[in-house]
>>> print(open('final14.txt').read())   # compact mmCIF, C-alpha atoms
# COMPACT_ATOMS: atom_id res chain seq x y z
CA MET A 28 40.12 -18.69 7.16
CA ALA A 29 38.45 -21.52 5.30
CA LYS A 30 38.51 -20.96 1.55
CA ILE A 31 35.45 -21.78 -0.55
CA PRO A 32 35.85 -23.11 -4.10
CA VAL A 33 33.79 -21.21 -6.70
CA GLN A 34 33.36 -22.06 -10.36
CA PHE A 35 31.54 -19.74 -12.71
CA ARG A 36 31.66 -18.27 -16.20
CA LEU A 37 33.33 -14.91 -16.63
CA ASN A 38 32.66 -13.22 -19.97
CA GLY A 39 32.10 -16.62 -21.57
CA SER A 40 35.12 -18.43 -20.09
CA ASP A 41 35.00 -21.01 -17.31
CA ARG A 42 36.87 -19.79 -14.24
CA ALA A 43 37.56 -21.30 -10.85
CA ALA A 44 38.89 -19.70 -7.71
CA PHE A 45 39.03 -20.01 -3.95
CA VAL A 46 37.33 -17.22 -2.04
CA GLY A 47 37.01 -16.20 1.57
CA PRO A 48 33.53 -16.47 3.15
CA SER A 49 33.08 -12.69 3.22
CA ASP A 50 34.85 -11.80 -0.05
CA ASN A 51 32.83 -9.76 -2.49
CA LEU A 52 32.69 -10.48 -6.21
CA LEU A 53 34.57 -7.29 -7.09
CA THR A 54 37.58 -8.39 -5.03
CA LEU A 55 37.47 -11.80 -6.67
CA LEU A 56 37.35 -10.26 -10.14
CA ARG A 57 40.10 -7.69 -9.61
CA ARG A 58 42.50 -9.45 -7.25
CA GLY A 59 41.77 -13.09 -7.98
CA LEU A 60 41.09 -13.09 -11.72
CA ASN A 61 42.86 -9.93 -12.93
CA ASP A 62 39.72 -8.46 -14.47
CA PHE A 63 40.34 -4.78 -13.79
CA GLY A 64 37.29 -3.60 -15.76
CA PRO A 65 34.91 -3.08 -12.83
CA LYS A 66 36.24 -0.48 -10.40
CA TYR A 67 36.13 -0.15 -6.63
CA GLY A 68 34.41 3.14 -5.87
CA CYS A 69 32.36 3.43 -2.72
CA GLY A 70 31.93 -0.16 -1.50
CA GLN A 71 28.40 0.67 -0.41
CA GLY A 72 26.30 0.38 -3.56
CA THR A 73 26.04 4.09 -4.19
CA CYS A 74 28.41 4.85 -7.07
CA GLY A 75 27.80 1.96 -9.48
CA THR A 76 31.27 1.72 -11.00
CA CYS A 77 31.56 -1.94 -9.91
CA THR A 78 28.37 -2.84 -11.83
CA VAL A 79 28.40 -6.24 -13.58
CA LEU A 80 25.81 -8.60 -15.01
CA VAL A 81 25.10 -11.81 -13.09
CA ASP A 82 23.03 -14.23 -15.17
CA GLY A 83 22.00 -11.22 -17.25
CA ASP A 84 20.84 -9.11 -14.28
CA LEU A 85 22.55 -5.87 -13.37
CA GLN A 86 24.22 -6.24 -9.96
CA LEU A 87 26.75 -4.39 -7.86
CA SER A 88 29.78 -6.64 -7.57
CA CYS A 89 30.97 -4.94 -4.37
CA LEU A 90 27.71 -6.00 -2.69
CA THR A 91 27.65 -9.51 -4.15
CA LEU A 92 29.15 -12.25 -2.00
CA ALA A 93 31.63 -14.08 -4.21
CA ALA A 94 30.65 -17.47 -2.79
CA THR A 95 27.11 -17.03 -4.14
CA CYS A 96 28.38 -16.85 -7.74
CA GLU A 97 28.88 -20.62 -8.01
CA GLY A 98 27.48 -21.73 -11.38
CA LYS A 99 26.56 -18.20 -12.46
CA HIS A 100 27.55 -16.29 -15.58
CA VAL A 101 29.25 -13.02 -14.72
CA GLU A 102 29.75 -10.42 -17.46
CA THR A 103 31.94 -7.35 -16.99
CA VAL A 104 32.86 -4.43 -19.19
CA SER A 105 36.01 -6.37 -20.12
CA GLY A 106 33.89 -8.74 -22.19
CA MET A 107 32.09 -6.09 -24.22
CA ALA A 108 34.58 -5.60 -27.06
CA GLU A 109 35.18 -8.53 -29.42
CA GLY A 110 38.91 -8.45 -29.94
CA PRO A 111 39.74 -5.07 -31.48
CA VAL A 112 36.08 -4.37 -32.36
CA LEU A 113 34.39 -2.17 -29.79
CA HIS A 114 30.83 -2.81 -28.64
CA PRO A 115 28.46 -0.27 -30.25
CA LEU A 116 27.98 1.34 -26.82
CA GLN A 117 31.72 1.71 -26.35
CA GLN A 118 32.01 3.27 -29.81
CA ALA A 119 29.12 5.62 -29.04
CA PHE A 120 30.75 6.64 -25.73
CA MET A 121 33.89 7.56 -27.68
CA ASP A 122 31.99 9.36 -30.43
CA HIS A 123 29.99 11.40 -27.94
CA PHE A 124 32.81 12.17 -25.48
CA ALA A 125 30.88 10.31 -22.79
CA ALA A 126 33.99 9.62 -20.69
CA GLN A 127 36.25 12.16 -19.09
CA CYS A 128 38.16 10.63 -16.18
CA GLY A 129 36.65 7.26 -17.12
CA PHE A 130 36.18 5.91 -13.62
CA CYS A 131 32.41 5.56 -13.95
CA THR A 132 32.59 4.24 -17.53
CA PRO A 133 32.72 0.47 -16.73
CA GLY A 134 29.52 0.76 -14.72
CA MET A 135 27.86 3.15 -17.17
CA LEU A 136 28.55 0.83 -20.11
CA THR A 137 27.31 -2.23 -18.22
CA ALA A 138 24.15 -0.47 -17.05
CA ALA A 139 23.56 0.81 -20.60
CA LYS A 140 24.05 -2.69 -22.01
CA ALA A 141 21.48 -4.11 -19.58
CA LEU A 142 19.07 -1.29 -20.44
CA LEU A 143 19.34 -1.77 -24.22
CA THR A 144 19.06 -5.56 -23.89
CA ALA A 145 15.76 -5.19 -22.02
CA ASN A 146 14.58 -2.12 -23.92
CA PRO A 147 16.31 -1.61 -27.31
CA ASN A 148 14.59 1.71 -28.02
CA PRO A 149 14.46 3.62 -24.72
CA THR A 150 13.19 7.12 -24.19
CA ARG A 151 15.49 9.71 -22.69
CA ALA A 152 13.71 9.30 -19.34
CA GLU A 153 14.24 5.53 -19.49
CA VAL A 154 17.95 6.06 -20.17
CA ILE A 155 18.16 8.39 -17.18
CA ASP A 156 16.50 5.77 -15.00
CA GLY A 157 18.71 3.04 -16.47
CA ILE A 158 21.90 4.80 -15.36
CA SER A 159 20.43 6.26 -12.15
CA GLY A 160 22.53 3.86 -10.08
CA ASN A 161 25.74 5.14 -11.62
CA ILE A 162 27.39 8.37 -10.52
CA CYS A 163 29.52 10.45 -12.88
CA ARG A 164 31.32 13.48 -11.42
CA CYS A 165 32.77 14.75 -14.73
CA THR A 166 30.35 14.82 -17.63
CA GLY A 167 27.12 16.11 -16.13
CA TYR A 168 25.57 12.98 -17.70
CA ASP A 169 24.35 14.64 -20.88
CA ALA A 170 27.04 13.16 -23.13
CA ILE A 171 26.47 9.72 -21.61
CA ILE A 172 22.72 9.92 -22.19
CA GLU A 173 23.28 11.07 -25.79
CA ALA A 174 25.76 8.23 -26.38
CA ILE A 175 23.30 5.60 -25.13
CA LEU A 176 20.46 7.06 -27.20
CA ALA A 177 22.75 7.13 -30.24
CA ALA A 178 23.83 3.51 -29.71
CA ALA A 179 20.16 2.53 -29.49
CA ARG A 180 19.56 4.22 -32.83
CA GLY A 181 22.45 2.40 -34.44
CA GLY A 182 25.12 4.97 -33.76
CA GLN A 183 23.59 8.07 -35.32
CA ALA A 184 24.34 11.22 -33.39
CA THR A 185 21.39 13.41 -32.48
CA ARG A 186 23.45 16.57 -32.39
CA ALA A 187 26.92 17.82 -33.13
CA TYR A 188 29.47 18.49 -30.42
CA MET B 16 35.96 -15.87 15.27
CA PRO B 17 36.25 -15.42 11.50
CA PHE B 18 33.42 -15.40 8.99
CA GLU B 19 31.69 -18.57 7.94
CA PHE B 20 29.36 -18.94 4.94
CA ARG B 21 26.53 -21.47 4.80
CA THR B 22 23.60 -22.13 2.51
CA ALA B 23 20.24 -23.20 3.98
CA SER B 24 18.06 -25.19 1.60
CA THR B 25 14.85 -24.67 3.57
CA LEU B 26 13.36 -21.85 5.61
CA SER B 27 13.18 -24.04 8.71
CA ASP B 28 16.86 -25.00 8.40
CA ALA B 29 17.66 -21.29 8.23
CA ALA B 30 15.43 -20.49 11.23
CA GLY B 31 17.16 -23.24 13.22
CA LEU B 32 20.63 -21.96 12.35
CA ILE B 33 19.65 -18.40 13.27
CA ALA B 34 18.12 -19.51 16.58
CA GLY B 35 21.27 -21.46 17.45
CA ASP B 36 23.88 -18.83 16.53
CA ARG B 37 23.64 -15.26 17.74
CA SER B 38 26.37 -14.24 15.28
CA ALA B 39 24.30 -15.38 12.29
CA ARG B 40 23.44 -12.75 9.68
CA LEU B 41 21.06 -13.49 6.86
CA LEU B 42 22.32 -12.58 3.40
CA SER B 43 19.20 -11.70 1.45
CA GLY B 44 19.94 -9.20 -1.32
CA GLY B 45 23.26 -8.29 0.27
CA THR B 46 22.85 -4.54 -0.06
CA LEU B 47 22.95 -4.00 3.73
CA ILE B 48 25.20 -6.80 4.99
CA MET B 49 27.87 -6.54 2.30
CA ARG B 50 28.06 -2.83 2.96
CA ASP B 51 28.63 -3.53 6.66
CA ILE B 52 31.38 -6.01 5.73
CA ASN B 53 33.02 -3.62 3.23
CA GLU B 54 33.02 -0.82 5.79
CA GLY B 55 34.33 -3.02 8.61
CA ARG B 56 31.24 -2.84 10.82
CA LEU B 57 30.68 -6.58 10.51
CA THR B 58 33.89 -8.50 11.10
CA ASP B 59 32.91 -12.05 11.94
CA GLY B 60 30.09 -14.55 12.29
CA LEU B 61 27.91 -16.78 10.17
CA ILE B 62 26.70 -15.44 6.82
CA LEU B 63 23.64 -17.43 5.89
CA ARG B 64 22.00 -17.67 2.48
CA ILE B 65 18.59 -19.23 1.82
CA VAL B 66 17.93 -21.01 -1.48
CA ASP B 67 14.41 -22.26 -0.58
CA PRO B 68 12.13 -21.13 -3.48
CA ALA B 69 9.48 -20.19 -0.88
CA TYR B 70 11.78 -17.38 0.24
CA ARG B 71 11.32 -15.64 -3.14
CA GLN B 72 7.71 -16.60 -3.78
CA ILE B 73 4.90 -14.15 -4.56
CA SER B 74 1.40 -15.39 -3.70
CA LEU B 75 -1.57 -13.31 -4.87
CA SER B 76 -4.55 -15.47 -3.97
CA GLY B 77 -6.62 -13.56 -1.41
CA ARG B 78 -4.16 -11.88 0.94
CA VAL B 79 -0.91 -11.01 -0.76
CA GLU B 80 2.11 -12.87 0.59
CA LEU B 81 5.55 -11.78 -0.51
CA GLY B 82 8.50 -13.98 0.43
CA ALA B 83 11.11 -11.96 2.31
CA GLY B 84 13.63 -12.59 -0.48
CA VAL B 85 11.39 -11.08 -3.19
CA THR B 86 13.35 -8.30 -4.85
CA MET B 87 12.17 -4.84 -5.83
CA ALA B 88 12.71 -5.85 -9.48
CA ALA B 89 10.45 -8.89 -9.01
CA ILE B 90 7.68 -6.62 -7.68
CA LEU B 91 8.10 -4.26 -10.64
CA LYS B 92 7.55 -7.20 -13.01
CA ARG B 93 4.09 -8.01 -11.55
CA ARG B 94 1.22 -5.96 -12.94
CA GLU B 95 -1.04 -7.20 -10.13
CA LEU B 96 1.23 -5.33 -7.70
CA ALA B 97 1.05 -2.02 -9.61
CA TYR B 98 0.20 -0.13 -6.40
CA LEU B 99 3.62 -1.18 -5.06
CA HIS B 100 5.54 -0.10 -8.14
CA ALA B 101 6.15 3.46 -6.91
CA PRO B 102 7.72 2.30 -3.61
CA ALA B 103 9.72 -0.47 -5.35
CA GLN B 104 10.95 2.03 -7.94
CA ALA B 105 11.98 4.37 -5.11
CA ILE B 106 14.68 1.94 -3.96
CA GLY B 107 18.12 2.63 -5.44
CA GLY B 108 18.96 2.25 -9.10
CA PRO B 109 18.34 -0.76 -11.35
CA ALA B 110 21.21 -2.85 -9.92
CA VAL B 111 20.09 -2.27 -6.32
CA ARG B 112 16.49 -3.11 -7.29
CA ASN B 113 17.70 -6.43 -8.74
CA MET B 114 19.32 -7.26 -5.41
CA ALA B 115 17.45 -5.52 -2.58
CA SER B 116 14.73 -7.63 -0.97
CA ILE B 117 11.60 -6.61 0.87
CA GLY B 118 12.82 -8.57 3.92
CA GLY B 119 16.04 -6.59 3.96
CA ASN B 120 14.15 -3.33 3.58
CA LEU B 121 12.43 -4.05 6.93
CA PHE B 122 15.88 -3.72 8.53
CA ALA B 123 17.14 -0.71 6.55
CA GLU B 124 18.17 2.19 8.78
CA THR B 125 16.55 5.56 8.25
CA PRO B 126 16.55 7.37 5.77
CA TYR B 127 16.45 4.07 3.87
CA GLY B 128 13.49 1.70 4.14
CA ASP B 129 11.05 3.43 1.77
CA PHE B 130 9.34 0.17 0.83
CA THR B 131 8.62 -0.58 4.49
CA VAL B 132 6.76 2.73 4.72
CA ALA B 133 4.41 1.46 1.99
CA LEU B 134 3.95 -1.87 3.80
CA LEU B 135 3.09 0.00 7.01
CA ALA B 136 0.29 1.86 5.22
CA LEU B 137 -1.01 -1.50 3.99
CA ASP B 138 -1.21 -2.80 7.59
CA ALA B 139 1.21 -5.59 6.69
CA GLN B 140 2.10 -8.44 8.99
CA VAL B 141 5.61 -9.85 9.17
CA MET B 142 5.85 -13.65 9.19
CA VAL B 143 8.57 -14.57 11.67
CA MET B 144 9.92 -18.07 12.24
CA GLN B 145 11.58 -18.51 15.61
CA GLY B 146 13.51 -21.77 15.71
CA LEU B 147 11.33 -24.71 14.82
CA GLY B 148 7.62 -24.44 14.09
CA ALA B 149 5.36 -22.47 11.82
CA PRO B 150 5.89 -18.74 11.23
CA ARG B 151 4.04 -16.35 13.54
CA ALA B 152 2.35 -13.22 12.20
CA VAL B 153 3.65 -10.03 13.85
CA PRO B 154 2.08 -6.65 13.02
CA LEU B 155 4.70 -4.62 11.14
CA GLU B 156 4.47 -1.74 13.60
CA GLU B 157 5.26 -4.08 16.49
CA PHE B 158 8.06 -5.69 14.50
CA LEU B 159 9.65 -2.30 13.81
CA ALA B 160 9.36 -1.28 17.46
CA GLY B 161 11.40 -4.35 18.45
CA ARG B 162 13.79 -4.22 15.52
CA SER B 163 16.76 -2.64 17.28
CA ARG B 164 16.69 -5.35 19.98
CA GLY B 165 17.21 -8.01 17.29
CA GLY B 166 16.79 -11.71 17.88
CA GLN B 167 13.20 -11.80 16.68
CA GLY B 168 13.88 -14.81 14.44
CA LEU B 169 13.81 -15.36 10.69
CA VAL B 170 11.57 -13.10 8.62
CA THR B 171 10.11 -15.45 6.00
CA ALA B 172 7.48 -13.23 4.35
CA VAL B 173 5.15 -10.26 4.65
CA GLN B 174 1.39 -10.47 4.25
CA PHE B 175 -1.30 -7.88 3.65
CA ALA B 176 -4.72 -7.41 2.11
CA PRO B 177 -4.32 -5.69 -1.27
CA PRO B 178 -6.12 -2.33 -1.65
CA GLN B 179 -9.65 -2.83 -3.02
CA ASN B 180 -9.01 0.07 -5.33
CA ALA B 181 -5.43 0.74 -6.40
CA ALA B 182 -6.16 4.49 -6.55
CA ASP B 183 -6.76 4.44 -2.78
CA PHE B 184 -3.06 3.77 -2.25
CA ARG B 185 -0.67 6.69 -2.58
CA PHE B 186 3.07 6.96 -2.18
CA ARG B 187 5.51 9.83 -2.33
CA LYS B 188 9.25 9.89 -1.72
CA VAL B 189 10.87 13.29 -1.54
CA SER B 190 14.56 13.37 -2.40
CA ARG B 191 16.92 16.11 -3.52
CA VAL B 192 18.49 14.07 -6.33
CA LYS B 193 16.27 12.46 -8.94
CA PRO B 194 15.51 9.82 -10.00
CA LYS B 195 17.66 8.18 -7.30
CA GLY B 196 18.29 9.85 -3.98
CA LEU B 197 17.97 9.35 -0.25
CA ALA B 198 14.70 10.33 1.36
CA VAL B 199 14.16 13.75 2.83
CA LEU B 200 10.92 12.06 3.77
CA THR B 201 8.59 9.36 2.51
CA ILE B 202 4.80 9.19 2.83
CA ALA B 203 2.48 6.29 2.07
CA ALA B 204 -1.28 6.47 2.52
CA HIS B 205 -4.00 3.89 2.09
CA LEU B 206 -7.31 5.75 2.09
CA PRO B 207 -10.19 3.41 1.25
CA MET B 208 -13.29 5.43 0.37
CA SER B 209 -16.80 4.43 1.41
CA GLY B 210 -19.66 6.66 0.22
CA GLY B 211 -17.19 9.44 -0.57
CA ARG B 212 -15.63 9.30 2.89
CA VAL B 213 -12.37 7.83 4.14
CA SER B 214 -12.93 4.56 5.95
CA GLY B 215 -9.94 2.81 7.50
CA ALA B 216 -7.24 5.41 6.86
CA ARG B 217 -3.63 4.27 7.15
CA VAL B 218 -0.86 6.83 6.77
CA ALA B 219 2.84 6.13 7.29
CA PHE B 220 5.96 8.30 7.30
CA GLY B 221 9.57 7.43 6.56
CA ALA B 222 12.60 9.44 7.78
CA MET B 223 10.39 10.99 10.46
CA ALA B 224 11.51 8.70 13.31
CA PRO B 225 14.24 6.09 13.89
CA VAL B 226 11.98 3.55 12.14
CA PRO B 227 9.06 4.03 9.71
CA MET B 228 6.06 5.23 11.73
CA ARG B 229 2.27 5.35 11.48
CA ALA B 230 0.89 8.89 11.36
CA LYS B 231 -1.99 8.14 13.72
CA ALA B 232 -3.01 11.75 14.28
CA VAL B 233 -3.36 12.22 10.52
CA GLU B 234 -5.35 8.98 10.26
CA ARG B 235 -7.71 10.21 13.01
CA VAL B 236 -8.47 13.54 11.36
CA LEU B 237 -9.08 11.93 7.96
CA GLU B 238 -11.28 9.11 9.21
CA GLY B 239 -14.91 9.52 8.12
CA LYS B 240 -14.15 12.68 6.16
CA ALA B 241 -14.31 13.49 2.48
CA LEU B 242 -10.85 14.32 1.12
CA ASP B 243 -11.71 18.00 0.75
CA ALA B 244 -9.82 21.18 1.55
CA ALA B 245 -10.96 21.17 5.20
CA ALA B 246 -9.77 17.59 5.76
CA ILE B 247 -6.44 18.32 4.10
CA THR B 248 -5.96 21.43 6.25
CA ALA B 249 -6.68 19.33 9.35
CA ALA B 250 -4.22 16.66 8.16
CA ARG B 251 -1.53 19.30 7.65
CA ALA B 252 -2.06 20.54 11.18
CA ALA B 253 -1.84 17.00 12.59
CA ALA B 254 1.19 15.93 10.52
CA ALA B 255 3.88 16.78 13.07
CA GLU B 256 2.31 14.89 15.98
CA GLY B 257 4.69 12.23 17.25
CA ILE B 258 7.41 12.78 14.67
CA ARG B 259 11.09 12.65 15.66
CA PRO B 260 13.02 13.41 12.47
CA VAL B 261 16.81 13.46 12.50
CA THR B 262 19.35 15.85 11.07
CA ASP B 263 21.57 14.10 8.55
CA ALA B 264 23.48 14.89 5.36
CA ILE B 265 20.22 15.01 3.40
CA ALA B 266 18.17 17.39 5.52
CA SER B 267 17.99 18.98 8.94
CA GLU B 268 15.36 18.10 11.49
CA TRP B 269 13.94 21.63 11.06
CA TYR B 270 13.65 21.24 7.30
CA ARG B 271 11.98 17.86 7.55
CA ARG B 272 9.41 19.27 10.01
CA GLU B 273 8.76 22.27 7.78
CA VAL B 274 8.19 20.38 4.53
CA LEU B 275 6.30 17.34 5.84
CA PRO B 276 2.87 19.10 5.95
CA VAL B 277 3.44 20.52 2.46
CA HIS B 278 4.15 17.13 0.94
CA LEU B 279 1.37 15.44 2.90
CA ALA B 280 -1.11 17.99 1.55
CA ARG B 281 0.16 17.44 -2.00
CA LEU B 282 -0.17 13.68 -1.62
CA LEU B 283 -3.72 13.97 -0.24
CA SER B 284 -4.84 16.44 -2.91
CA GLY B 285 -3.35 14.32 -5.69
CA GLN B 286 -0.81 16.95 -6.83
CA ASP B 287 2.50 15.93 -8.32
>>> encode(input="final14.txt", output="structure tokens")
Amino acid sequence: MAKIPVQFRLNGSDRAAFVGPSDNLLTLLRRGLNDFGPKYGCGQGTCGTCTVLVDGDLQLSCLTLAATCEGKHVETVSGMAEGPVLHPLQQAFMDHFAAQCGFCTPGMLTAAKALLTANPNPTRAEVIDGISGNICRCTGYDAIIEAILAAARGGQATRAY
Amino acid sequence: MPFEFRTASTLSDAAGLIAGDRSARLLSGGTLIMRDINEGRLTDGLILRIVDPAYRQISLSGRVELGAGVTMAAILKRRELAYLHAPAQAIGGPAVRNMASIGGNLFAETPYGDFTVALLALDAQVMVMQGLGAPRAVPLEEFLAGRSRGGQGLVTAVQFAPPQNAADFRFRKVSRVKPKGLAVLTIAAHLPMSGGRVSGARVAFGAMAPVPMRAKAVERVLEGKALDAAAITAARAAAAEGIRPVTDAIASEWYRREVLPVHLARLLSGQD
């Protein structure tokens, strides 16, 4: 199978790889570039755990053809922390117990980051819409919603757990 | 034959490639084709991407023309298209809305395809380019009737006259999970009013047949009537005519038949 060269930025670093013509971006990230942040869940765009940012837009990496990422900037959950310093959303997820098994967390954090970038002070309903493409089977969502609201308010908790 | 990936820089290049290669699949937003690849339903052939800016263009002078590659998110950014915000918002979550295109939605299998239901109620025409030459306008209903046969050519855009009054256009998607869920059913209605009476009713249903369908019996009973209790009762009675809903994981055929008149009446009476 003919391999296609792709060059793009991944979390701020220039990367290059050869991809197959039907490879999706998630496969490229996980198998080709060892970025195990985004997860493979459903492969059909339902669960959202493979969510990444492509040129700042939220996208599902399992439904993104890798060959179309030439020249793009891809951001994954792996790029959120700066060294040992967690992103405020990551800290809020910890503070609010917003992860249990953690499988949805990469997508939840990425969707939350996109939401707060576009809308730094969302309402609860806007948070619910912002993560509506991401399924969590553990938390019942409430802790995740509280964590995102808290991160938007600079980390203050709205209630005690 | 394995997969091949190509990029077409113009719409006519893409139409030529599609006409010359029966294996060609157009990658628009990717939400349908990549799923078919991931699940092994599509195993070979040409994957074609279009980078022509015309493919993603929105034109609002006179008739509205939306390039087939226009995404749901792009529609949600345009205040002039506010009447289409409810159907665009009904598609997936934010990531899917950034990817999914209106052209792709025309091909989405039931119970997907909610945006197409809205386009059907707007009497949209599909612009189809078959090989070389200018695109030909095909009524959406005709396009959907021939969809399963395939080979119709390249969908370049959809066109429609915008509603004179945005309040005349109504949309309702019923799903069990909110805010994102598959359709139990979808209803779109364009009910222009003239002297307090409906003039030129267009009503469309999703998830009520293998492809989005016009509810012609409902249109007939509403035409020329005020939207009062009697007209809504008549519309309820006419709702089931011609429907062929399926049983799937979301709802049974029986359930879809039972709740359609209820939701149609709520839509017509302006209830939430």
>>> interface_residues(input="final14.txt", of="chain B", to="chain A", cutoff="12 Å", atoms="all atoms listed in the file", output="MDAnalysis selection string")
chainID B and resid 16:22 40 42:55 57:66 88:89 104:115 192:197
>>> write_last_selection(input="final14.txt", atoms="C-alpha atoms", output="PDB file, in the coordinates of the input")
ATOM      1  CA  MET B  16      35.960 -15.870  15.270  1.00  0.00           C
ATOM      2  CA  PRO B  17      36.250 -15.420  11.500  1.00  0.00           C
ATOM      3  CA  PHE B  18      33.420 -15.400   8.990  1.00  0.00           C
ATOM      4  CA  GLU B  19      31.690 -18.570   7.940  1.00  0.00           C
ATOM      5  CA  PHE B  20      29.360 -18.940   4.940  1.00  0.00           C
ATOM      6  CA  ARG B  21      26.530 -21.470   4.800  1.00  0.00           C
ATOM      7  CA  THR B  22      23.600 -22.130   2.510  1.00  0.00           C
ATOM      8  CA  ARG B  40      23.440 -12.750   9.680  1.00  0.00           C
ATOM      9  CA  LEU B  42      22.320 -12.580   3.400  1.00  0.00           C
ATOM     10  CA  SER B  43      19.200 -11.700   1.450  1.00  0.00           C
ATOM     11  CA  GLY B  44      19.940  -9.200  -1.320  1.00  0.00           C
ATOM     12  CA  GLY B  45      23.260  -8.290   0.270  1.00  0.00           C
ATOM     13  CA  THR B  46      22.850  -4.540  -0.060  1.00  0.00           C
ATOM     14  CA  LEU B  47      22.950  -4.000   3.730  1.00  0.00           C
ATOM     15  CA  ILE B  48      25.200  -6.800   4.990  1.00  0.00           C
ATOM     16  CA  MET B  49      27.870  -6.540   2.300  1.00  0.00           C
ATOM     17  CA  ARG B  50      28.060  -2.830   2.960  1.00  0.00           C
ATOM     18  CA  ASP B  51      28.630  -3.530   6.660  1.00  0.00           C
ATOM     19  CA  ILE B  52      31.380  -6.010   5.730  1.00  0.00           C
ATOM     20  CA  ASN B  53      33.020  -3.620   3.230  1.00  0.00           C
ATOM     21  CA  GLU B  54      33.020  -0.820   5.790  1.00  0.00           C
ATOM     22  CA  GLY B  55      34.330  -3.020   8.610  1.00  0.00           C
ATOM     23  CA  LEU B  57      30.680  -6.580  10.510  1.00  0.00           C
ATOM     24  CA  THR B  58      33.890  -8.500  11.100  1.00  0.00           C
ATOM     25  CA  ASP B  59      32.910 -12.050  11.940  1.00  0.00           C
ATOM     26  CA  GLY B  60      30.090 -14.550  12.290  1.00  0.00           C
ATOM     27  CA  LEU B  61      27.910 -16.780  10.170  1.00  0.00           C
ATOM     28  CA  ILE B  62      26.700 -15.440   6.820  1.00  0.00           C
ATOM     29  CA  LEU B  63      23.640 -17.430   5.890  1.00  0.00           C
ATOM     30  CA  ARG B  64      22.000 -17.670   2.480  1.00  0.00           C
ATOM     31  CA  ILE B  65      18.590 -19.230   1.820  1.00  0.00           C
ATOM     32  CA  VAL B  66      17.930 -21.010  -1.480  1.00  0.00           C
ATOM     33  CA  ALA B  88      12.710  -5.850  -9.480  1.00  0.00           C
ATOM     34  CA  ALA B  89      10.450  -8.890  -9.010  1.00  0.00           C
ATOM     35  CA  GLN B 104      10.950   2.030  -7.940  1.00  0.00           C
ATOM     36  CA  ALA B 105      11.980   4.370  -5.110  1.00  0.00           C
ATOM     37  CA  ILE B 106      14.680   1.940  -3.960  1.00  0.00           C
ATOM     38  CA  GLY B 107      18.120   2.630  -5.440  1.00  0.00           C
ATOM     39  CA  GLY B 108      18.960   2.250  -9.100  1.00  0.00           C
ATOM     40  CA  PRO B 109      18.340  -0.760 -11.350  1.00  0.00           C
ATOM     41  CA  ALA B 110      21.210  -2.850  -9.920  1.00  0.00           C
ATOM     42  CA  VAL B 111      20.090  -2.270  -6.320  1.00  0.00           C
ATOM     43  CA  ARG B 112      16.490  -3.110  -7.290  1.00  0.00           C
ATOM     44  CA  ASN B 113      17.700  -6.430  -8.740  1.00  0.00           C
ATOM     45  CA  MET B 114      19.320  -7.260  -5.410  1.00  0.00           C
ATOM     46  CA  ALA B 115      17.450  -5.520  -2.580  1.00  0.00           C
ATOM     47  CA  VAL B 192      18.490  14.070  -6.330  1.00  0.00           C
ATOM     48  CA  LYS B 193      16.270  12.460  -8.940  1.00  0.00           C
ATOM     49  CA  PRO B 194      15.510   9.820 -10.000  1.00  0.00           C
ATOM     50  CA  LYS B 195      17.660   8.180  -7.300  1.00  0.00           C
ATOM     51  CA  GLY B 196      18.290   9.850  -3.980  1.00  0.00           C
ATOM     52  CA  LEU B 197      17.970   9.350  -0.250  1.00  0.00           C
TER      53      LEU B 197
END
>>> atom_distance(input="final14.txt", atom1="CA of Tyr67 (chain A)", atom2="CA of Asn38 (chain A)")
19.0 Å
>>> atom_distance(input="final14.txt", atom1="CA of Gly68 (chain A)", atom2="CA of Leu53 (chain A)")
10.5 Å
>>> residues_around(input="final14.txt", residues="Pro149 (chain A)", least_positions_apart="5", cutoff="9 Å", atoms="only C-alpha atoms", output="PyMOL selection string")
chain A and resi 142-143+154+176+179
>>> write_last_selection(input="final14.txt", atoms="C-alpha atoms", output="PDB file, keeping the file's coordinate frame")
ATOM      1  CA  LEU A 142      19.070  -1.290 -20.440  1.00  0.00           C
ATOM      2  CA  LEU A 143      19.340  -1.770 -24.220  1.00  0.00           C
ATOM      3  CA  VAL A 154      17.950   6.060 -20.170  1.00  0.00           C
ATOM      4  CA  LEU A 176      20.460   7.060 -27.200  1.00  0.00           C
ATOM      5  CA  ALA A 179      20.160   2.530 -29.490  1.00  0.00           C
TER       6      ALA A 179
END
>>> axis_aligned_box(input="final14.txt", around="region 168-175 of chain B", padding_each_side="8 Å", output="AutoDock Vina command-line options")
--center_x 6.3 --center_y -11.7 --center_z 9.0 --size_x 31.2 --size_y 23.6 --size_z 26.8
>>> atom_distance(input="final14.txt", atom1="CA of Asp138 (chain B)", atom2="CA of Arg93 (chain B)")
20.5 Å
>>> closest_residue(input="final14.txt", among="B:Gly166, B:Asp129, B:Leu137, B:Val79", to="Ala39 (chain B)", atoms="only C-alpha atoms")
B:Gly166
>>> residues_around(input="final14.txt", residues="region 245-261 of chain B", least_positions_apart="2", cutoff="8 Å", atoms="all atoms listed in the file", output="list of chain:residue names")
B:Ala222, B:Met223, B:Ala224, B:Pro225, B:Ala230, B:Ala232, B:Val233, B:Val236, B:Leu237, B:Lys240, B:Ala241, B:Leu242, B:Asp243, B:Asp263, B:Ser267, B:Glu268, B:Arg271, B:Arg272, B:Leu275, B:Pro276, B:Val277, B:Leu279, B:Ala280, B:Leu283, B:Ser284
>>> residues_around(input="final14.txt", residues="Gly106 (chain A)", least_positions_apart="2", cutoff="12 Å", atoms="all atoms listed in the file", output="PyMOL selection string")
chain A and resi 36-40+62-65+79-80+100-104+108-114+117+133+136-137+140
